[in-house]
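This report concerns only the one structure given below.
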Amino acid sequence: MSPAQNRLAPESLTKSFGAFYPEALLVRMDVDPKRFLDESWRKEFRARKPKLEEQVEVALASCAWHHEVRHFHDTFGTRAGINMFLAWMSVMDEFARVGARLAASQARWALPVQKAEASHLPDESRRFLKYALNVKLVCSRFRGELPSEFTGIEGLPDPLPHISHLREARLGTVFYAFPARATRITAAASVEAIQHIPLAFDAIIEGNAQAIQRTMIEKLWGPDVAQACFTRLGITMRAEGEAAYAPAYNVTDLMVTRYLENHGIKSFPRKVLLALADHALTAGVQIWRNPDGTRSTAMECAGVSFVDLLGSLEPAAVAAGEIPAPKEEGYLALLDHFANTPPSEEVKDEQTPSTDIQILYRWVAREVIKPLLDERLATGHRLFSDGDLWLTRVPKLPAPPFQIRRDGSLTSSAPPRVVEAWLRIRMWAQMLDQLTSGEPAVLCPRAHDLAPGITKINYAHTGTCDEYVAGELCGRFQPGIPAALPQCRFADTLRMLGFH
């Protein structure tokens with residue numbers, strides 16, 4: 001550990017300030033940034049001469065909202081994030097259609113799903129399960145849900161390269177990682193090692209948010225606090241024997257820094273990180289329909305695109321900020337597509353899962369994605385590659401439409417019918433996840449707290465969820481085991497989507 005790391009209290013390393021859930025258009029805020037952004041409050045705080053660890057915690061809290069909003073914009077304003085959203089909506093739409101057909105034919109999903117081959121499921125349902133599993137696997141790999149690896153330091157070149165190559169087992173793909181110098185600290189000893197931190201979609205958007213908040217912290221709290229925050233965000237905390245999922249906040253910054261240092265360049269403007277990231281975030285998940293009616297899924301890793309672009313540019317050009325903007329044609333085609341999406345109000349409201357999908361999709365297309373694409377193209381992509389410009393424009397850009405308050409309740413800026421659709425989709429998206437994970441039973445996401453954002457929502461038609469959960473009168477469905485479920489949206493969904 002560096003001296004700066006030693007000065008941070010252990011409890012401050014695990015404190016949560018917020019979270020972003022891309023498939024749910026949802027932000028959770030664990031702090032109130034407005035309090036820390038108030039100038040009079042900051043003066044009083046500084047007058048107390050707080051310790052560095054206190055300043056770090058307050059500085060990170062003051063940027064928490066901007067951090068999560070940047071994730072939201074990088075997801076719904078880039079080809080990579082938009083394609084991932086379209087893939088997810090495609091699966092949800094197919095699930096609604098196939099589930100409704102099962103329900104109409106009085107067939108049932110087999111639980112666990114591994115038994116589907118021996119069941120009476122139609123071929124269409126089996127094809128959907130394969131498709132849903134493929135999309136789930138590909139999107140997981142695309143996001144970079146991969147454990148980091150540790151290796152020894154013996155025999156490594158000096159200076160260390162800016163990348164390492166690793167292979168993951170599920171799809172057999174090679175991915176790039178950053179070989180970070182690390183100290184593995186256990187109860188027995190401290191050992192110098194190399195931690196290979198994967199680079200993919202999540203790491204890239206974390207790098208963007210880190211760059212934005214670092215700029216904010218420097219302006220509000222000074223460079224020493226900003227550096228201490230940067231150091232804090234690079235520490236991995238895990239129990240002995242558990243897989244290490246390294247914090248991805250600093251990966252793009254560290255990678256570009258080492259690449260340039262290995263070429264004798266000691267500094268570069270921070271907007272270089274955003275420009276490289278925006279170019280790399282044109283990579284995405286692709287889905288296409290085959291002649292036999294099946295669908296195939298593939299992906300181009302944004303991490304590979306980031307590294308390849310960095311390596312293709314002259315180091316001096318990178319340091320000068322001469323990063324090419326993304327190609328215009330792809331974004332123009334996306335804008336044309338979403339600009340022509342009909343309004344959600346024109347959907348014939350039949351109170352079905354397919355209706356809910358259409359309502360949410362159309363609203364997001366017109367109220368979130370299109371405005372972000374408009375601003376992107378109007379600024380020549382600078383909205384996403386210039387942090388200062390983004391900070392000035394953010395108050396007028398779409399904000400996350402769903403937010404979890406600090407007390408766990410949900411607030412939303414979306415119209416009531418969109419919120420209603422979202423609440424149902426949150427439930428049956430988690431039910432699909434259980435189905436494709438091979439669970440032997442379906443647990444109610446509300447009763448078992450499986451879907452962030454719905455913990456305090458009442459899904460019961462009579463009475464309340466809290467009463468039923470407290471009385472252990474709900475929450476689980478398993479074929480062949482009788483269960484008297486209350487009248488609620490969980491029971492409704494089981495019937496509408498072919499479970500019960």
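Following the order of the structure tokens, chains are lettered A, B, ..., residues in each are numbered from 1, and ligands are numbered from 1.
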List every residue of stretch 155-201 of chain A that has an atom at most 10 Å from any atom of stretch 301-313 of chain A, and for each one report the closest atom pair and its distance in Å to one decimal, counting only C-alpha atoms, with rows sorted by chain and then by increasing residue number, as CSV.
```
residue,atom,partner,partner_atom,distance
A:His162,CA,A:Val307,CA,9.2
A:Ile163,CA,A:Val307,CA,8.0
A:Thr173,CA,A:Cys301,CA,9.7
A:Val174,CA,A:Val304,CA,9.1
A:Phe175,CA,A:Val304,CA,6.7
A:Tyr176,CA,A:Val304,CA,6.3
A:Ala177,CA,A:Gly303,CA,8.4
A:Pro198,CA,A:Gly303,CA,8.2
A:Leu199,CA,A:Gly303,CA,4.9
A:Ala200,CA,A:Gly303,CA,4.1
A:Phe201,CA,A:Ala302,CA,5.7
```
Selected residues written out with C-alpha atoms, as a CSV table (one decimal), in the first residue's frame:
```
chain,number,residue,atom,x,y,z
A,162,HIS,CA,0.2,-1.3,-20.7
A,163,ILE,CA,-1.8,-4.4,-21.5
A,173,THR,CA,-12.7,-15.2,-26.0
A,174,VAL,CA,-9.4,-13.3,-25.5
A,175,PHE,CA,-9.7,-10.0,-23.6
A,176,TYR,CA,-7.4,-7.2,-22.7
A,177,ALA,CA,-6.5,-6.4,-19.1
A,198,PRO,CA,-10.2,-6.7,-17.3
A,199,LEU,CA,-11.1,-3.9,-19.7
A,200,ALA,CA,-14.6,-4.0,-21.2
A,201,PHE,CA,-17.8,-1.9,-21.3
```
Report the residues of stretch 316-420 of chain A whose backbone DSSP state falls under helix (DSSP H, G or I), written as a PDB file with N, CA and C atoms, in the first residue's frame.
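Saved as selection00.pdb:
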```
ATOM      1  N   ALA A 316       2.454  10.814 -29.352  1.00  0.00           N
ATOM      2  CA  ALA A 316       2.395  12.274 -29.297  1.00  0.00           C
ATOM      3  C   ALA A 316       1.007  12.788 -29.660  1.00  0.00           C
ATOM      4  N   ALA A 317       0.322  12.099 -30.591  1.00  0.00           N
ATOM      5  CA  ALA A 317      -1.032  12.500 -30.971  1.00  0.00           C
ATOM      6  C   ALA A 317      -2.006  12.262 -29.816  1.00  0.00           C
ATOM      7  N   VAL A 318      -1.822  11.147 -29.112  1.00  0.00           N
ATOM      8  CA  VAL A 318      -2.669  10.871 -27.947  1.00  0.00           C
ATOM      9  C   VAL A 318      -2.475  11.955 -26.894  1.00  0.00           C
ATOM     10  N   ALA A 319      -1.237  12.263 -26.591  1.00  0.00           N
ATOM     11  CA  ALA A 319      -0.944  13.275 -25.567  1.00  0.00           C
ATOM     12  C   ALA A 319      -1.462  14.650 -25.959  1.00  0.00           C
ATOM     13  N   GLU A 328     -19.758   9.063 -38.154  1.00  0.00           N
ATOM     14  CA  GLU A 328     -21.070   9.707 -38.076  1.00  0.00           C
ATOM     15  C   GLU A 328     -22.208   8.823 -38.563  1.00  0.00           C
ATOM     16  N   GLU A 329     -21.916   7.972 -39.583  1.00  0.00           N
ATOM     17  CA  GLU A 329     -23.005   7.244 -40.246  1.00  0.00           C
ATOM     18  C   GLU A 329     -23.807   6.380 -39.278  1.00  0.00           C
ATOM     19  N   GLY A 330     -23.091   5.658 -38.402  1.00  0.00           N
ATOM     20  CA  GLY A 330     -23.794   4.772 -37.478  1.00  0.00           C
ATOM     21  C   GLY A 330     -24.724   5.520 -36.548  1.00  0.00           C
ATOM     22  N   TYR A 331     -24.284   6.671 -36.069  1.00  0.00           N
ATOM     23  CA  TYR A 331     -25.131   7.451 -35.169  1.00  0.00           C
ATOM     24  C   TYR A 331     -26.278   8.131 -35.907  1.00  0.00           C
ATOM     25  N   LEU A 332     -26.046   8.524 -37.127  1.00  0.00           N
ATOM     26  CA  LEU A 332     -27.138   9.101 -37.920  1.00  0.00           C
ATOM     27  C   LEU A 332     -28.228   8.062 -38.171  1.00  0.00           C
ATOM     28  N   ALA A 333     -27.815   6.809 -38.433  1.00  0.00           N
ATOM     29  CA  ALA A 333     -28.793   5.737 -38.652  1.00  0.00           C
ATOM     30  C   ALA A 333     -29.585   5.466 -37.375  1.00  0.00           C
ATOM     31  N   LEU A 334     -28.895   5.468 -36.228  1.00  0.00           N
ATOM     32  CA  LEU A 334     -29.598   5.270 -34.963  1.00  0.00           C
ATOM     33  C   LEU A 334     -30.592   6.397 -34.699  1.00  0.00           C
ATOM     34  N   LEU A 335     -30.161   7.633 -34.935  1.00  0.00           N
ATOM     35  CA  LEU A 335     -31.055   8.764 -34.701  1.00  0.00           C
ATOM     36  C   LEU A 335     -32.283   8.684 -35.592  1.00  0.00           C
ATOM     37  N   ASP A 336     -32.072   8.314 -36.836  1.00  0.00           N
ATOM     38  CA  ASP A 336     -33.207   8.184 -37.750  1.00  0.00           C
ATOM     39  C   ASP A 336     -34.183   7.125 -37.260  1.00  0.00           C
ATOM     40  N   HIS A 337     -33.647   6.009 -36.771  1.00  0.00           N
ATOM     41  CA  HIS A 337     -34.502   4.927 -36.260  1.00  0.00           C
ATOM     42  C   HIS A 337     -35.341   5.396 -35.070  1.00  0.00           C
ATOM     43  N   PHE A 338     -34.703   6.022 -34.099  1.00  0.00           N
ATOM     44  CA  PHE A 338     -35.425   6.408 -32.885  1.00  0.00           C
ATOM     45  C   PHE A 338     -36.315   7.624 -33.108  1.00  0.00           C
ATOM     46  N   ALA A 339     -35.939   8.486 -34.050  1.00  0.00           N
ATOM     47  CA  ALA A 339     -36.790   9.645 -34.358  1.00  0.00           C
ATOM     48  C   ALA A 339     -38.113   9.209 -34.970  1.00  0.00           C
ATOM     49  N   SER A 344     -45.373   6.432 -27.191  1.00  0.00           N
ATOM     50  CA  SER A 344     -45.909   5.360 -26.341  1.00  0.00           C
ATOM     51  C   SER A 344     -47.407   5.505 -26.149  1.00  0.00           C
ATOM     52  N   GLU A 345     -47.914   6.736 -26.257  1.00  0.00           N
ATOM     53  CA  GLU A 345     -49.360   6.960 -26.079  1.00  0.00           C
ATOM     54  C   GLU A 345     -50.188   6.305 -27.169  1.00  0.00           C
ATOM     55  N   GLU A 346     -49.551   5.972 -28.300  1.00  0.00           N
ATOM     56  CA  GLU A 346     -50.292   5.353 -29.403  1.00  0.00           C
ATOM     57  C   GLU A 346     -50.396   3.843 -29.283  1.00  0.00           C
ATOM     58  N   PRO A 353     -48.064  -8.217 -21.028  1.00  0.00           N
ATOM     59  CA  PRO A 353     -46.612  -7.993 -21.020  1.00  0.00           C
ATOM     60  C   PRO A 353     -46.101  -7.362 -22.308  1.00  0.00           C
ATOM     61  N   SER A 354     -46.621  -7.765 -23.457  1.00  0.00           N
ATOM     62  CA  SER A 354     -46.171  -7.181 -24.721  1.00  0.00           C
ATOM     63  C   SER A 354     -46.509  -5.697 -24.796  1.00  0.00           C
ATOM     64  N   THR A 355     -47.656  -5.324 -24.265  1.00  0.00           N
ATOM     65  CA  THR A 355     -48.034  -3.910 -24.220  1.00  0.00           C
ATOM     66  C   THR A 355     -47.063  -3.121 -23.347  1.00  0.00           C
ATOM     67  N   ASP A 356     -46.733  -3.677 -22.188  1.00  0.00           N
ATOM     68  CA  ASP A 356     -45.798  -3.006 -21.291  1.00  0.00           C
ATOM     69  C   ASP A 356     -44.444  -2.795 -21.964  1.00  0.00           C
ATOM     70  N   ILE A 357     -43.977  -3.808 -22.699  1.00  0.00           N
ATOM     71  CA  ILE A 357     -42.692  -3.697 -23.395  1.00  0.00           C
ATOM     72  C   ILE A 357     -42.735  -2.565 -24.410  1.00  0.00           C
ATOM     73  N   GLN A 358     -43.777  -2.514 -25.192  1.00  0.00           N
ATOM     74  CA  GLN A 358     -43.889  -1.483 -26.215  1.00  0.00           C
ATOM     75  C   GLN A 358     -43.956  -0.080 -25.609  1.00  0.00           C
ATOM     76  N   ILE A 359     -44.704   0.057 -24.527  1.00  0.00           N
ATOM     77  CA  ILE A 359     -44.841   1.368 -23.886  1.00  0.00           C
ATOM     78  C   ILE A 359     -43.491   1.843 -23.350  1.00  0.00           C
ATOM     79  N   LEU A 360     -42.782   0.973 -22.629  1.00  0.00           N
ATOM     80  CA  LEU A 360     -41.494   1.375 -22.075  1.00  0.00           C
ATOM     81  C   LEU A 360     -40.483   1.631 -23.184  1.00  0.00           C
ATOM     82  N   TYR A 361     -40.422   0.753 -24.166  1.00  0.00           N
ATOM     83  CA  TYR A 361     -39.446   0.913 -25.245  1.00  0.00           C
ATOM     84  C   TYR A 361     -39.646   2.233 -25.992  1.00  0.00           C
ATOM     85  N   ARG A 362     -40.870   2.523 -26.369  1.00  0.00           N
ATOM     86  CA  ARG A 362     -41.133   3.741 -27.129  1.00  0.00           C
ATOM     87  C   ARG A 362     -40.821   4.994 -26.311  1.00  0.00           C
ATOM     88  N   TRP A 363     -41.164   4.953 -25.034  1.00  0.00           N
ATOM     89  CA  TRP A 363     -40.902   6.126 -24.203  1.00  0.00           C
ATOM     90  C   TRP A 363     -39.397   6.356 -24.069  1.00  0.00           C
ATOM     91  N   VAL A 364     -38.630   5.302 -23.813  1.00  0.00           N
ATOM     92  CA  VAL A 364     -37.175   5.432 -23.701  1.00  0.00           C
ATOM     93  C   VAL A 364     -36.579   5.906 -25.020  1.00  0.00           C
ATOM     94  N   ALA A 365     -37.060   5.352 -26.128  1.00  0.00           N
ATOM     95  CA  ALA A 365     -36.535   5.729 -27.444  1.00  0.00           C
ATOM     96  C   ALA A 365     -36.697   7.224 -27.693  1.00  0.00           C
ATOM     97  N   ARG A 366     -37.877   7.778 -27.370  1.00  0.00           N
ATOM     98  CA  ARG A 366     -38.184   9.165 -27.712  1.00  0.00           C
ATOM     99  C   ARG A 366     -37.723  10.161 -26.646  1.00  0.00           C
ATOM    100  N   GLU A 367     -37.754   9.747 -25.385  1.00  0.00           N
ATOM    101  CA  GLU A 367     -37.492  10.692 -24.302  1.00  0.00           C
ATOM    102  C   GLU A 367     -36.085  10.585 -23.715  1.00  0.00           C
ATOM    103  N   VAL A 368     -35.383   9.516 -23.991  1.00  0.00           N
ATOM    104  CA  VAL A 368     -34.035   9.341 -23.455  1.00  0.00           C
ATOM    105  C   VAL A 368     -33.004   9.256 -24.580  1.00  0.00           C
ATOM    106  N   ILE A 369     -33.149   8.241 -25.441  1.00  0.00           N
ATOM    107  CA  ILE A 369     -32.114   7.986 -26.449  1.00  0.00           C
ATOM    108  C   ILE A 369     -32.059   9.086 -27.500  1.00  0.00           C
ATOM    109  N   LYS A 370     -33.212   9.465 -28.073  1.00  0.00           N
ATOM    110  CA  LYS A 370     -33.197  10.476 -29.140  1.00  0.00           C
ATOM    111  C   LYS A 370     -32.610  11.811 -28.677  1.00  0.00           C
ATOM    112  N   PRO A 371     -33.012  12.360 -27.510  1.00  0.00           N
ATOM    113  CA  PRO A 371     -32.405  13.631 -27.079  1.00  0.00           C
ATOM    114  C   PRO A 371     -30.894  13.543 -26.893  1.00  0.00           C
ATOM    115  N   LEU A 372     -30.403  12.407 -26.395  1.00  0.00           N
ATOM    116  CA  LEU A 372     -28.958  12.257 -26.225  1.00  0.00           C
ATOM    117  C   LEU A 372     -28.257  12.192 -27.576  1.00  0.00           C
ATOM    118  N   LEU A 373     -28.856  11.496 -28.546  1.00  0.00           N
ATOM    119  CA  LEU A 373     -28.267  11.439 -29.882  1.00  0.00           C
ATOM    120  C   LEU A 373     -28.318  12.819 -30.556  1.00  0.00           C
ATOM    121  N   ASP A 374     -29.399  13.540 -30.353  1.00  0.00           N
ATOM    122  CA  ASP A 374     -29.497  14.905 -30.902  1.00  0.00           C
ATOM    123  C   ASP A 374     -28.337  15.765 -30.399  1.00  0.00           C
ATOM    124  N   GLU A 375     -28.097  15.737 -29.085  1.00  0.00           N
ATOM    125  CA  GLU A 375     -27.034  16.550 -28.496  1.00  0.00           C
ATOM    126  C   GLU A 375     -25.649  16.064 -28.931  1.00  0.00           C
ATOM    127  N   ARG A 376     -25.508  14.760 -29.041  1.00  0.00           N
ATOM    128  CA  ARG A 376     -24.240  14.212 -29.513  1.00  0.00           C
ATOM    129  C   ARG A 376     -23.883  14.765 -30.884  1.00  0.00           C
ATOM    130  N   LEU A 377     -24.804  14.653 -31.806  1.00  0.00           N
ATOM    131  CA  LEU A 377     -24.527  15.066 -33.179  1.00  0.00           C
ATOM    132  C   LEU A 377     -24.446  16.589 -33.309  1.00  0.00           C
ATOM    133  N   ALA A 378     -25.237  17.315 -32.519  1.00  0.00           N
ATOM    134  CA  ALA A 378     -25.201  18.774 -32.579  1.00  0.00           C
ATOM    135  C   ALA A 378     -23.859  19.325 -32.101  1.00  0.00           C
ATOM    136  N   ARG A 382     -18.701  16.005 -29.188  1.00  0.00           N
ATOM    137  CA  ARG A 382     -17.948  16.579 -28.071  1.00  0.00           C
ATOM    138  C   ARG A 382     -18.689  16.447 -26.735  1.00  0.00           C
ATOM    139  N   LEU A 383     -19.997  16.313 -26.774  1.00  0.00           N
ATOM    140  CA  LEU A 383     -20.751  16.121 -25.536  1.00  0.00           C
ATOM    141  C   LEU A 383     -20.184  14.956 -24.734  1.00  0.00           C
ATOM    142  N   PHE A 384     -19.736  13.910 -25.439  1.00  0.00           N
ATOM    143  CA  PHE A 384     -19.252  12.716 -24.764  1.00  0.00           C
ATOM    144  C   PHE A 384     -17.732  12.673 -24.624  1.00  0.00           C
ATOM    145  N   SER A 385     -17.017  13.537 -25.331  1.00  0.00           N
ATOM    146  CA  SER A 385     -15.557  13.488 -25.278  1.00  0.00           C
ATOM    147  C   SER A 385     -14.937  14.684 -24.561  1.00  0.00           C
ATOM    148  N   GLY A 387     -15.290  16.612 -21.054  1.00  0.00           N
ATOM    149  CA  GLY A 387     -15.932  16.580 -19.744  1.00  0.00           C
ATOM    150  C   GLY A 387     -16.483  17.918 -19.306  1.00  0.00           C
ATOM    151  N   ASP A 388     -15.765  18.994 -19.589  1.00  0.00           N
ATOM    152  CA  ASP A 388     -16.245  20.322 -19.196  1.00  0.00           C
ATOM    153  C   ASP A 388     -17.548  20.670 -19.919  1.00  0.00           C
ATOM    154  N   LEU A 389     -17.637  20.329 -21.208  1.00  0.00           N
ATOM    155  CA  LEU A 389     -18.868  20.593 -21.953  1.00  0.00           C
ATOM    156  C   LEU A 389     -20.010  19.768 -21.389  1.00  0.00           C
ATOM    157  N   TRP A 390     -19.737  18.507 -21.081  1.00  0.00           N
ATOM    158  CA  TRP A 390     -20.793  17.646 -20.518  1.00  0.00           C
ATOM    159  C   TRP A 390     -21.306  18.223 -19.201  1.00  0.00           C
ATOM    160  N   LEU A 391     -20.404  18.696 -18.351  1.00  0.00           N
ATOM    161  CA  LEU A 391     -20.817  19.244 -17.062  1.00  0.00           C
ATOM    162  C   LEU A 391     -21.702  20.480 -17.224  1.00  0.00           C
ATOM    163  N   THR A 392     -21.450  21.280 -18.248  1.00  0.00           N
ATOM    164  CA  THR A 392     -22.297  22.461 -18.460  1.00  0.00           C
ATOM    165  C   THR A 392     -23.649  22.082 -19.042  1.00  0.00           C
ATOM    166  N   ARG A 393     -23.711  20.984 -19.811  1.00  0.00           N
ATOM    167  CA  ARG A 393     -24.961  20.595 -20.472  1.00  0.00           C
ATOM    168  C   ARG A 393     -25.816  19.645 -19.639  1.00  0.00           C
ATOM    169  N   VAL A 394     -25.233  18.996 -18.646  1.00  0.00           N
ATOM    170  CA  VAL A 394     -25.942  17.921 -17.961  1.00  0.00           C
ATOM    171  C   VAL A 394     -27.295  18.334 -17.370  1.00  0.00           C
ATOM    172  N   PRO A 395     -27.477  19.581 -16.866  1.00  0.00           N
ATOM    173  CA  PRO A 395     -28.801  19.921 -16.315  1.00  0.00           C
ATOM    174  C   PRO A 395     -29.924  19.872 -17.351  1.00  0.00           C
ATOM    175  N   LYS A 396     -29.594  20.017 -18.647  1.00  0.00           N
ATOM    176  CA  LYS A 396     -30.618  20.019 -19.686  1.00  0.00           C
ATOM    177  C   LYS A 396     -30.745  18.673 -20.402  1.00  0.00           C
ATOM    178  N   PRO A 416     -47.209   8.163 -15.506  1.00  0.00           N
ATOM    179  CA  PRO A 416     -47.733   7.047 -14.707  1.00  0.00           C
ATOM    180  C   PRO A 416     -47.838   5.724 -15.464  1.00  0.00           C
ATOM    181  N   ARG A 417     -48.284   5.760 -16.731  1.00  0.00           N
ATOM    182  CA  ARG A 417     -48.433   4.486 -17.458  1.00  0.00           C
ATOM    183  C   ARG A 417     -47.078   3.859 -17.753  1.00  0.00           C
ATOM    184  N   VAL A 418     -46.062   4.688 -17.969  1.00  0.00           N
ATOM    185  CA  VAL A 418     -44.708   4.166 -18.179  1.00  0.00           C
ATOM    186  C   VAL A 418     -44.174   3.558 -16.882  1.00  0.00           C
ATOM    187  N   VAL A 419     -44.422   4.229 -15.772  1.00  0.00           N
ATOM    188  CA  VAL A 419     -43.998   3.695 -14.476  1.00  0.00           C
ATOM    189  C   VAL A 419     -44.680   2.353 -14.211  1.00  0.00           C
ATOM    190  N   GLU A 420     -45.970   2.274 -14.514  1.00  0.00           N
ATOM    191  CA  GLU A 420     -46.709   1.026 -14.319  1.00  0.00           C
ATOM    192  C   GLU A 420     -46.103  -0.098 -15.145  1.00  0.00           C
TER     193      GLU A 420
END
```
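The list of residues with at least one atom within 9 Å of stretch 404-406 of chain A, based on only C-alpha atoms and without residues fewer than 6 positions apart in the same chain, reads Leu26, Val27, Arg28, Met29, Asp30, Val31, Asp32, Ser412, Pro452, Gly453 and Ile454 of chain A.
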Exercise. What gap, in Å, lies between atom CA of A:Leu146 and atom CA of A:Ile197?
Worked result: 8.9 Å
For this session: List the neighbours of A:Leu86 out to 9 Å using only C-alpha atoms; skip same-chain residues closer than 4 positions along the sequence, and give me the result as a list in words.
Result: Gly81, Ile82, Ser90, Val91, Val285 and Tyr361 of chain A
Written selection (N, CA and C atoms) as a short mmCIF file (atom, residue, chain, number, x, y, z; two decimals), in the first residue's frame:
```
data_model
loop_
_atom_site.label_atom_id
_atom_site.label_comp_id
_atom_site.auth_asym_id
_atom_site.auth_seq_id
_atom_site.Cartn_x
_atom_site.Cartn_y
_atom_site.Cartn_z
N GLY A 81 -23.95 1.02 -25.60
CA GLY A 81 -24.99 0.91 -24.59
C GLY A 81 -26.37 0.74 -25.20
N ILE A 82 -26.65 1.47 -26.28
CA ILE A 82 -27.96 1.36 -26.94
C ILE A 82 -28.17 -0.05 -27.48
N SER A 90 -35.21 -7.00 -26.75
CA SER A 90 -35.56 -8.07 -27.68
C SER A 90 -35.88 -9.35 -26.92
N VAL A 91 -35.08 -9.67 -25.92
CA VAL A 91 -35.34 -10.86 -25.11
C VAL A 91 -36.63 -10.71 -24.33
N VAL A 285 -23.17 -5.29 -28.97
CA VAL A 285 -23.79 -6.61 -29.12
C VAL A 285 -24.64 -6.60 -30.38
N TYR A 361 -40.42 0.75 -24.17
CA TYR A 361 -39.45 0.91 -25.24
C TYR A 361 -39.65 2.23 -25.99
#
```
Problem set entry | Contact residues around A:Gln434 with only C-alpha atoms at 10 Å, ignoring same-chain residues under 3 positions, as a PyMOL selection string | chain A and resi 111-113+428-431+437-443+445
For this session: Name the residues in contact with A:Val272 at a cut-off of 10 Å, using only C-alpha atoms, excluding same-chain residues fewer than 3 positions from it; report them as a PyMOL selection string.
Result: chain A and resi 211+253+256+268-269+275-278+318-323+385-387
Exercise. What residues in stretch 262-425 of chain A get the DSSP label strand (DSSP E or B)? Please answer as a list in words.
Worked result: Val285, Gln286, Ile287, Trp288, Arg289, Arg295, Ser296, Thr297, Ala298, Met299, Phe402, Gln403, Ile404, Leu410, Thr411 and Ser412 of chain A
Those selected residues, please, written with C-alpha atoms and delivered as an mmCIF file, in the first residue's frame.
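Wrote it out as result.cif, contents follow:
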```cif
data_model
loop_
_atom_site.group_PDB
_atom_site.id
_atom_site.type_symbol
_atom_site.label_atom_id
_atom_site.label_comp_id
_atom_site.auth_asym_id
_atom_site.auth_seq_id
_atom_site.Cartn_x
_atom_site.Cartn_y
_atom_site.Cartn_z
ATOM 1 C CA VAL A 285 -23.791 -6.607 -29.122
ATOM 2 C CA GLN A 286 -25.305 -7.742 -32.423
ATOM 3 C CA ILE A 287 -28.426 -9.871 -32.918
ATOM 4 C CA TRP A 288 -29.723 -11.174 -36.228
ATOM 5 C CA ARG A 289 -32.456 -13.542 -37.351
ATOM 6 C CA ARG A 295 -31.547 -15.833 -33.759
ATOM 7 C CA SER A 296 -27.812 -15.506 -33.388
ATOM 8 C CA THR A 297 -25.906 -13.280 -31.005
ATOM 9 C CA ALA A 298 -22.387 -11.894 -31.232
ATOM 10 C CA MET A 299 -20.371 -9.068 -29.763
ATOM 11 C CA PHE A 402 -36.138 5.991 -12.033
ATOM 12 C CA GLN A 403 -34.330 6.627 -8.766
ATOM 13 C CA ILE A 404 -34.128 4.878 -5.406
ATOM 14 C CA LEU A 410 -38.838 4.838 -5.597
ATOM 15 C CA THR A 411 -39.284 8.138 -7.379
ATOM 16 C CA SER A 412 -39.775 8.627 -11.106
#
```
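Using only C-alpha atoms, the smallest distance between any of A:His120, A:Lys34, A:Gln478, A:Val56 and A:Gly222 comes from A:Val56.
If only C-alpha atoms are the atoms counted, then among A:Arg143, A:His263, A:Arg476, A:Arg424 the closest residue to A:Ile204 is A:Arg143.
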Problem set entry | atom CA of A:Ala132 to atom CA of A:Asp292, straight-line distance in Å | 17.1 Å
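Interatomic distance, atom CA of A:Ile217 against atom CA of A:Thr183: 26.7 Å.
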